[in-house]
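Have a look at the structure below before the remarks.
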Amino acid sequence: MKWVSDKGLKRLLSVAVDPDFGDTKYRILEEISSGGMGTVYLAEDIELGRQIAIKVLNATEASQDIAQRMVREAQIIARLEHPGIVPVHDVGTLPDGRVFYAMKLVRGGRLDEYAAVNDSLKDRLRKFQAVCDAVAFAHAHGVIHRDLKPPNIMIGSFGEVLVLDWGVAKTITSQPSAADDLEADTLRLPHNNVGDQLNQQSENTAPGTIVGTPNYMSPEQARGEIRRLDERSDVYSLGAILYFLLTNKTPRASENGSQPARPRELNSKISKAAEAVCLKAMAGSPDDRYASAKELAIDVVHLIDDEAVGAYRENIFERSLRWLNKNRFLVLLVLAYLLMRIFFIFTPRR
Amino acid sequence: MEQDTDIGGPRNRFPETHYSAILAARSEDGEVRQRAFETIVESYWKPAYKYIRIKWQASNEDAKDLTQGFFTTAIEKRYFDSYDPAIASFQTFIRTCLDRYVTNQRKSDQRLKRGGGIEHLSLDFGEAENELFQQHGVSELTPEDFFHREWVRSLFSLAIENLRRHYVEKGSEVYFRLFELYDLREDTQDDENKLSYASLADRFGLTSMDVTNYLAAARRQFRKLVLERLRELTANEAEYRREARELLGVEIK
């Protein structure tokens, strides 16, 4: 009889639990990534002859609660028709009881990978603004993401920005739901990986009752105050992403629990306005943050355009300097004109 | 009463047979009982032997005698008749029986002398000993977890053998060869010569899509065989579903 080593045993276990799409119109081609809750596969839609991505609930997580969560994730994404959110084509259940959903296949890299090869702050801010727009759209439809972080944002091959992994998203209602009670009771801090199309090496997110990722999670979310969460919790996470884009560092609180270092302490080239936008988004109290992702996006656009931002009150000198900087071409032209005039005034005429 | 099942959906990819060796072991028909015992022993003797070696620190000769003695006594005294799936899984039951048997043997110091009086079962202890020698991380597991892991290993090894036979009988050995080469390989992550579907396709004169399809079919068949074996080793539908869920995480409908 064939001896099966421990490694072989592990592989066989995964083979035995591989999803079987035999009765569906999909054919699995290869695994893209795997996380705590689901595995994403590159697949082919046989009827339409196109490649797609399919997320399948991990067999080991096939509890009713997690299955419902995944169906809800698919339903939430399907509601959010926006260029910054990957469209879901189909949702279903395999013969072995596992839930899956099919979505558009997007090729590209994660935001942190993009940042690693792109130093231009303006480019980074433009991508960030697109993230804010997608999140603001979700907020406008009553959905908060709750796990925003660079590995959950993808930059497509044509520069398009997509917000992924809505597995722990929450629909905002005026009345607390039974699901909120369940989550509040079972809140666990993250320690295992979860992935989506391309976040294999993502920061950690807890499986089971997943509520976010430390460092990118708002203080109220980290405290498990599920019922208190609203758009401003996502605003905090967006602020943490901006912090990463400004400094190339994850905003880690120090061991004694103090706030992360100010961005300008890590990168002196950052403007005070950019730092202020970031810190306002990451304020400890939700009341001190931007009220919405849309408001944050507006300040980011102002940063990109070298305009005054709401988060920072400039003194007259800074305002002048910014104006000069923004209009330096015009200023140079005027100076050149003035110099020429001076030249002609003082040049003796015949 | 348990509802009859349509396991695995409309195309019956999961086993339809509801034979249970546990129930058959209680049969009054000696032949049926014998076949059931063979099924149980085939799946459990290696985990039992290794468990005795590890948990009870028995020498290999003592472990052989204790394993032989346990199963022959279980057959003679019809241990399995008292199994109640509502109380524990069969795996837990057999491990508990084994612990009790070894304790009694050691306590009374009446263990039968090597080879004396035990009706010998044909078991390849040398193979089990070799496997034990090759295993790592044994000390990191509790004896219970170790027994469970060995039981899974035994279940999978038997399913692999059944898979091989299945494809040999069908004259489609290439399916098993692909499964063996790709899914039973022992390479490491950094193996430079890592197998790919394309390299397998070249080797067998197939297309990559053929390799994908053949492997998918072999895996499906493997899963079916694992579940069939699991079905044999459980007493009723509830236990079967529970075990399938614990082992593979799948929900049997």
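A note on labels: chains of the structure tokens are A, B, ... as shown, every chain counts residues from 1, and ligands are counted from 1 in their shown order.
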When you look at segment 157-162 of chain B with a cut-off of 10 Å (counting only C-alpha atoms), what residues show up, excluding the ones that are within fewer than 3 positions of it in the same chain? I need them as a ChimeraX atom specification. /A:1-4,9,12 /B:42-43,151-154,165-168,176,179-180,184,221-230
Interatomic distance, atom CA of Ile172 of chain A to atom CA of Val99 of chain A (Å, one decimal):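 Going from atom CA of Ile172 of chain A over to atom CA of Val99 of chain A covers 24.0 Å.
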Quick one: distance from atom CA of Ser237 of chain A to atom CA of Glu314 of chain A in Å, one decimal? 25.8 Å
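By chain and then residue number, the residues within 12 Å of Leu80 of chain A are Glu73, Ala74, Val86, Pro87, Val88, Ala134, Val135, Ala136, Phe137, Ala138, His139, Ala140, His141, Gly142, Val143, Ile144, His145, Val163, Leu164, Trp166, Ala169 and Thr171 of chain A, counting only C-alpha atoms and disregarding those fewer than 6 positions away in sequence.
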Filtering to N, CA and C atoms, could you give me those residues as a PDB file, in the first residue's frame?
ATOM      1  N   GLU A  73     -21.843  38.524   0.992  1.00  0.00           N
ATOM      2  CA  GLU A  73     -20.758  39.261   0.339  1.00  0.00           C
ATOM      3  C   GLU A  73     -21.062  39.419  -1.150  1.00  0.00           C
ATOM      4  N   ALA A  74     -21.481  38.302  -1.768  1.00  0.00           N
ATOM      5  CA  ALA A  74     -21.786  38.341  -3.206  1.00  0.00           C
ATOM      6  C   ALA A  74     -22.947  39.289  -3.476  1.00  0.00           C
ATOM      7  N   VAL A  86     -15.309  45.167  -8.204  1.00  0.00           N
ATOM      8  CA  VAL A  86     -15.330  44.042  -9.149  1.00  0.00           C
ATOM      9  C   VAL A  86     -16.751  43.475  -9.259  1.00  0.00           C
ATOM     10  N   PRO A  87     -17.302  43.412 -10.478  1.00  0.00           N
ATOM     11  CA  PRO A  87     -18.674  42.909 -10.598  1.00  0.00           C
ATOM     12  C   PRO A  87     -18.789  41.396 -10.369  1.00  0.00           C
ATOM     13  N   VAL A  88     -19.857  41.010  -9.699  1.00  0.00           N
ATOM     14  CA  VAL A  88     -20.149  39.589  -9.466  1.00  0.00           C
ATOM     15  C   VAL A  88     -21.120  39.121 -10.545  1.00  0.00           C
ATOM     16  N   ALA A 134     -14.748  54.874  -4.744  1.00  0.00           N
ATOM     17  CA  ALA A 134     -15.445  53.577  -4.715  1.00  0.00           C
ATOM     18  C   ALA A 134     -16.069  53.351  -3.334  1.00  0.00           C
ATOM     19  N   VAL A 135     -15.319  53.700  -2.313  1.00  0.00           N
ATOM     20  CA  VAL A 135     -15.832  53.503  -0.944  1.00  0.00           C
ATOM     21  C   VAL A 135     -17.002  54.453  -0.691  1.00  0.00           C
ATOM     22  N   ALA A 136     -16.869  55.680  -1.188  1.00  0.00           N
ATOM     23  CA  ALA A 136     -17.962  56.648  -1.014  1.00  0.00           C
ATOM     24  C   ALA A 136     -19.226  56.138  -1.718  1.00  0.00           C
ATOM     25  N   PHE A 137     -19.052  55.508  -2.875  1.00  0.00           N
ATOM     26  CA  PHE A 137     -20.199  54.951  -3.603  1.00  0.00           C
ATOM     27  C   PHE A 137     -20.873  53.869  -2.751  1.00  0.00           C
ATOM     28  N   ALA A 138     -20.035  53.003  -2.146  1.00  0.00           N
ATOM     29  CA  ALA A 138     -20.584  51.954  -1.283  1.00  0.00           C
ATOM     30  C   ALA A 138     -21.321  52.569  -0.098  1.00  0.00           C
ATOM     31  N   HIS A 139     -20.727  53.612   0.477  1.00  0.00           N
ATOM     32  CA  HIS A 139     -21.384  54.270   1.614  1.00  0.00           C
ATOM     33  C   HIS A 139     -22.736  54.832   1.192  1.00  0.00           C
ATOM     34  N   ALA A 140     -22.752  55.418   0.000  1.00  0.00           N
ATOM     35  CA  ALA A 140     -24.012  55.992  -0.487  1.00  0.00           C
ATOM     36  C   ALA A 140     -25.088  54.921  -0.646  1.00  0.00           C
ATOM     37  N   HIS A 141     -24.643  53.655  -0.803  1.00  0.00           N
ATOM     38  CA  HIS A 141     -25.595  52.541  -0.920  1.00  0.00           C
ATOM     39  C   HIS A 141     -25.739  51.786   0.400  1.00  0.00           C
ATOM     40  N   GLY A 142     -25.307  52.428   1.463  1.00  0.00           N
ATOM     41  CA  GLY A 142     -25.527  51.851   2.791  1.00  0.00           C
ATOM     42  C   GLY A 142     -24.613  50.708   3.154  1.00  0.00           C
ATOM     43  N   VAL A 143     -23.428  50.644   2.542  1.00  0.00           N
ATOM     44  CA  VAL A 143     -22.507  49.532   2.821  1.00  0.00           C
ATOM     45  C   VAL A 143     -21.170  50.072   3.329  1.00  0.00           C
ATOM     46  N   ILE A 144     -20.705  49.521   4.449  1.00  0.00           N
ATOM     47  CA  ILE A 144     -19.339  49.860   4.878  1.00  0.00           C
ATOM     48  C   ILE A 144     -18.462  48.619   4.720  1.00  0.00           C
ATOM     49  N   HIS A 145     -17.229  48.838   4.301  1.00  0.00           N
ATOM     50  CA  HIS A 145     -16.348  47.730   3.916  1.00  0.00           C
ATOM     51  C   HIS A 145     -15.769  47.006   5.130  1.00  0.00           C
ATOM     52  N   VAL A 163     -11.605  48.015  -5.455  1.00  0.00           N
ATOM     53  CA  VAL A 163     -11.654  47.654  -4.028  1.00  0.00           C
ATOM     54  C   VAL A 163     -12.202  46.228  -3.940  1.00  0.00           C
ATOM     55  N   LEU A 164     -11.409  45.359  -3.297  1.00  0.00           N
ATOM     56  CA  LEU A 164     -11.771  43.940  -3.225  1.00  0.00           C
ATOM     57  C   LEU A 164     -12.183  43.533  -1.821  1.00  0.00           C
ATOM     58  N   TRP A 166     -15.024  42.115   0.026  1.00  0.00           N
ATOM     59  CA  TRP A 166     -16.136  42.695   0.782  1.00  0.00           C
ATOM     60  C   TRP A 166     -16.723  41.667   1.745  1.00  0.00           C
ATOM     61  N   ALA A 169     -18.031  43.118   4.891  1.00  0.00           N
ATOM     62  CA  ALA A 169     -18.791  44.363   4.737  1.00  0.00           C
ATOM     63  C   ALA A 169     -20.087  44.281   5.539  1.00  0.00           C
ATOM     64  N   THR A 171     -24.024  46.121   6.095  1.00  0.00           N
ATOM     65  CA  THR A 171     -25.040  47.041   5.619  1.00  0.00           C
ATOM     66  C   THR A 171     -25.442  47.918   6.787  1.00  0.00           C
TER      67      THR A 171
END
Would you kindly return, as a ChimeraX atom specification, each protein, DNA or RNA residue with an atom no farther than 10 Å from any atom of Gly284 of chain A, considering only C-alpha atoms and excluding same-chain residues fewer than 3 positions away? /A:218-220,236,259,279-281,287-289
Output N, CA and C atoms of each residue in that selection to a file, as a PDB file, in the first residue's frame.
ATOM      1  N   SER A 218     -10.246  50.883  12.630  1.00  0.00           N
ATOM      2  CA  SER A 218     -10.539  52.034  13.493  1.00  0.00           C
ATOM      3  C   SER A 218     -10.541  51.596  14.956  1.00  0.00           C
ATOM      4  N   PRO A 219     -10.269  52.532  15.869  1.00  0.00           N
ATOM      5  CA  PRO A 219     -10.245  52.156  17.299  1.00  0.00           C
ATOM      6  C   PRO A 219     -11.564  51.543  17.759  1.00  0.00           C
ATOM      7  N   GLU A 220     -12.700  52.100  17.286  1.00  0.00           N
ATOM      8  CA  GLU A 220     -13.990  51.574  17.741  1.00  0.00           C
ATOM      9  C   GLU A 220     -14.213  50.151  17.209  1.00  0.00           C
ATOM     10  N   TYR A 236     -11.419  56.015   8.727  1.00  0.00           N
ATOM     11  CA  TYR A 236     -10.181  55.776   9.483  1.00  0.00           C
ATOM     12  C   TYR A 236      -9.248  54.863   8.666  1.00  0.00           C
ATOM     13  N   GLN A 259      -0.179  56.655  19.719  1.00  0.00           N
ATOM     14  CA  GLN A 259      -0.505  56.815  18.303  1.00  0.00           C
ATOM     15  C   GLN A 259       0.712  56.500  17.427  1.00  0.00           C
ATOM     16  N   LEU A 279      -4.061  62.687   9.153  1.00  0.00           N
ATOM     17  CA  LEU A 279      -4.325  62.587  10.591  1.00  0.00           C
ATOM     18  C   LEU A 279      -5.790  62.876  10.924  1.00  0.00           C
ATOM     19  N   LYS A 280      -6.412  63.733  10.117  1.00  0.00           N
ATOM     20  CA  LYS A 280      -7.839  63.980  10.357  1.00  0.00           C
ATOM     21  C   LYS A 280      -8.637  62.703  10.063  1.00  0.00           C
ATOM     22  N   ALA A 281      -8.288  62.034   8.980  1.00  0.00           N
ATOM     23  CA  ALA A 281      -8.990  60.783   8.645  1.00  0.00           C
ATOM     24  C   ALA A 281      -8.759  59.724   9.722  1.00  0.00           C
ATOM     25  N   ASP A 287     -15.961  61.500  15.622  1.00  0.00           N
ATOM     26  CA  ASP A 287     -16.477  62.861  15.437  1.00  0.00           C
ATOM     27  C   ASP A 287     -15.414  63.809  14.909  1.00  0.00           C
ATOM     28  N   ASP A 288     -14.152  63.481  15.140  1.00  0.00           N
ATOM     29  CA  ASP A 288     -13.070  64.356  14.679  1.00  0.00           C
ATOM     30  C   ASP A 288     -12.609  64.018  13.262  1.00  0.00           C
ATOM     31  N   ARG A 289     -13.169  62.946  12.677  1.00  0.00           N
ATOM     32  CA  ARG A 289     -12.745  62.548  11.316  1.00  0.00           C
ATOM     33  C   ARG A 289     -13.602  63.230  10.261  1.00  0.00           C
TER      34      ARG A 289
END
Between atom CA of Leu57 of chain A and atom CA of Tyr216 of chain A - distance in Å to one decimal: 24.6 Å
Under the rule that only C-alpha atoms are counted, which of B:Tyr175, B:Phe156, B:Tyr79, B:Tyr240 is the nearest residue to chain A?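 For chain A, the nearest of the given residues is B:Phe156.
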Leu123 of chain B surroundings by only C-alpha atoms, 9 Å radius, close-in-sequence under 6 positions cut, as a list of chain:residue names: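 Non-adjacent residues within range: B:Glu42, B:Trp45, B:Lys46, B:Gln68.
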Same residues, C-alpha atoms, saved as a PDB file, in the first residue's frame:
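What landed in result33.pdb:
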ATOM      1  CA  GLU B  42      -7.845  -3.021   7.247  1.00  0.00           C
ATOM      2  CA  TRP B  45      -4.742  -1.833  12.357  1.00  0.00           C
ATOM      3  CA  LYS B  46      -1.966   0.567  11.387  1.00  0.00           C
ATOM      4  CA  GLN B  68      -3.046  -8.764  16.953  1.00  0.00           C
TER       5      GLN B  68
END
Based on DSSP run over this structure's backbone, return all residues of segment 53-96 of chain A in alpha helix (DSSP H), as number ranges by chain. A: 64-79
Selection export as a compact mmCIF listing (two decimals), in the first residue's frame, atoms kept: N, CA and C atoms:
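File out.txt, as written:
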# COMPACT_ATOMS: atom_id res chain seq x y z
N GLN A 64 -22.67 27.03 8.42
CA GLN A 64 -23.81 27.76 7.90
C GLN A 64 -23.59 29.27 7.99
N ASP A 65 -23.00 29.68 9.10
CA ASP A 65 -22.78 31.10 9.34
C ASP A 65 -21.85 31.69 8.28
N ILE A 66 -20.74 30.97 8.02
CA ILE A 66 -19.76 31.47 7.05
C ILE A 66 -20.35 31.43 5.64
N ALA A 67 -21.12 30.37 5.36
CA ALA A 67 -21.74 30.26 4.04
C ALA A 67 -22.67 31.44 3.81
N GLN A 68 -23.46 31.77 4.83
CA GLN A 68 -24.38 32.91 4.70
C GLN A 68 -23.61 34.20 4.50
N ARG A 69 -22.49 34.30 5.19
CA ARG A 69 -21.66 35.50 5.07
C ARG A 69 -21.17 35.66 3.64
N MET A 70 -20.81 34.53 3.04
CA MET A 70 -20.27 34.61 1.68
C MET A 70 -21.36 34.96 0.67
N VAL A 71 -22.54 34.40 0.85
CA VAL A 71 -23.66 34.76 -0.03
C VAL A 71 -23.94 36.25 0.12
N ARG A 72 -23.90 36.71 1.36
CA ARG A 72 -24.15 38.13 1.62
C ARG A 72 -23.09 39.00 0.94
N GLU A 73 -21.84 38.52 0.99
CA GLU A 73 -20.76 39.26 0.34
C GLU A 73 -21.06 39.42 -1.15
N ALA A 74 -21.48 38.30 -1.77
CA ALA A 74 -21.79 38.34 -3.21
C ALA A 74 -22.95 39.29 -3.48
N GLN A 75 -23.96 39.23 -2.61
CA GLN A 75 -25.13 40.10 -2.81
C GLN A 75 -24.76 41.56 -2.66
N ILE A 76 -23.90 41.83 -1.68
CA ILE A 76 -23.47 43.22 -1.46
C ILE A 76 -22.71 43.74 -2.67
N ILE A 77 -21.77 42.92 -3.16
CA ILE A 77 -20.97 43.38 -4.31
C ILE A 77 -21.87 43.57 -5.53
N ALA A 78 -22.83 42.64 -5.69
CA ALA A 78 -23.72 42.74 -6.86
C ALA A 78 -24.52 44.03 -6.85
N ARG A 79 -24.81 44.52 -5.64
CA ARG A 79 -25.58 45.77 -5.53
C ARG A 79 -24.73 46.98 -5.90
Just the residues within 10 Å of Ala48 of chain B, please, counting only C-alpha atoms, with nothing from its chain fewer than 6 positions along; format it as a list in words.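 Final neighbour list, sorted by chain and number: Val41, Ile54, Ala63, Lys64, Leu66, Thr67, Gln68, Phe70, Phe71, Ile94, Arg95, Leu98, Asp99, Phe147, Glu150 and Trp151 of chain B.
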Taking 5 positions as the minimum chain separation for residues in the same chain, which residues sit within 8 Å of Tyr197 of chain B when counting only C-alpha atoms? Answer as a ChimeraX atom specification. /B:208,211-212
Please determine, counting only C-alpha atoms, which residue among A:Thr24, A:Ser5, A:Ser292, A:Ser120 has the shortest atom-to-atom distance to Ala102 of chain A. A:Thr24
Would you mind telling me which residue in A:Lys25, A:Ile241, A:Asp230, A:Leu324 lies nearest to Ile153 of chain A when using only C-alpha atoms? A:Ile241
So which one's closest to chain B, A:Thr93, A:Thr39, A:Gln221, A:Ser33? Using only C-alpha atoms, please. A:Thr93
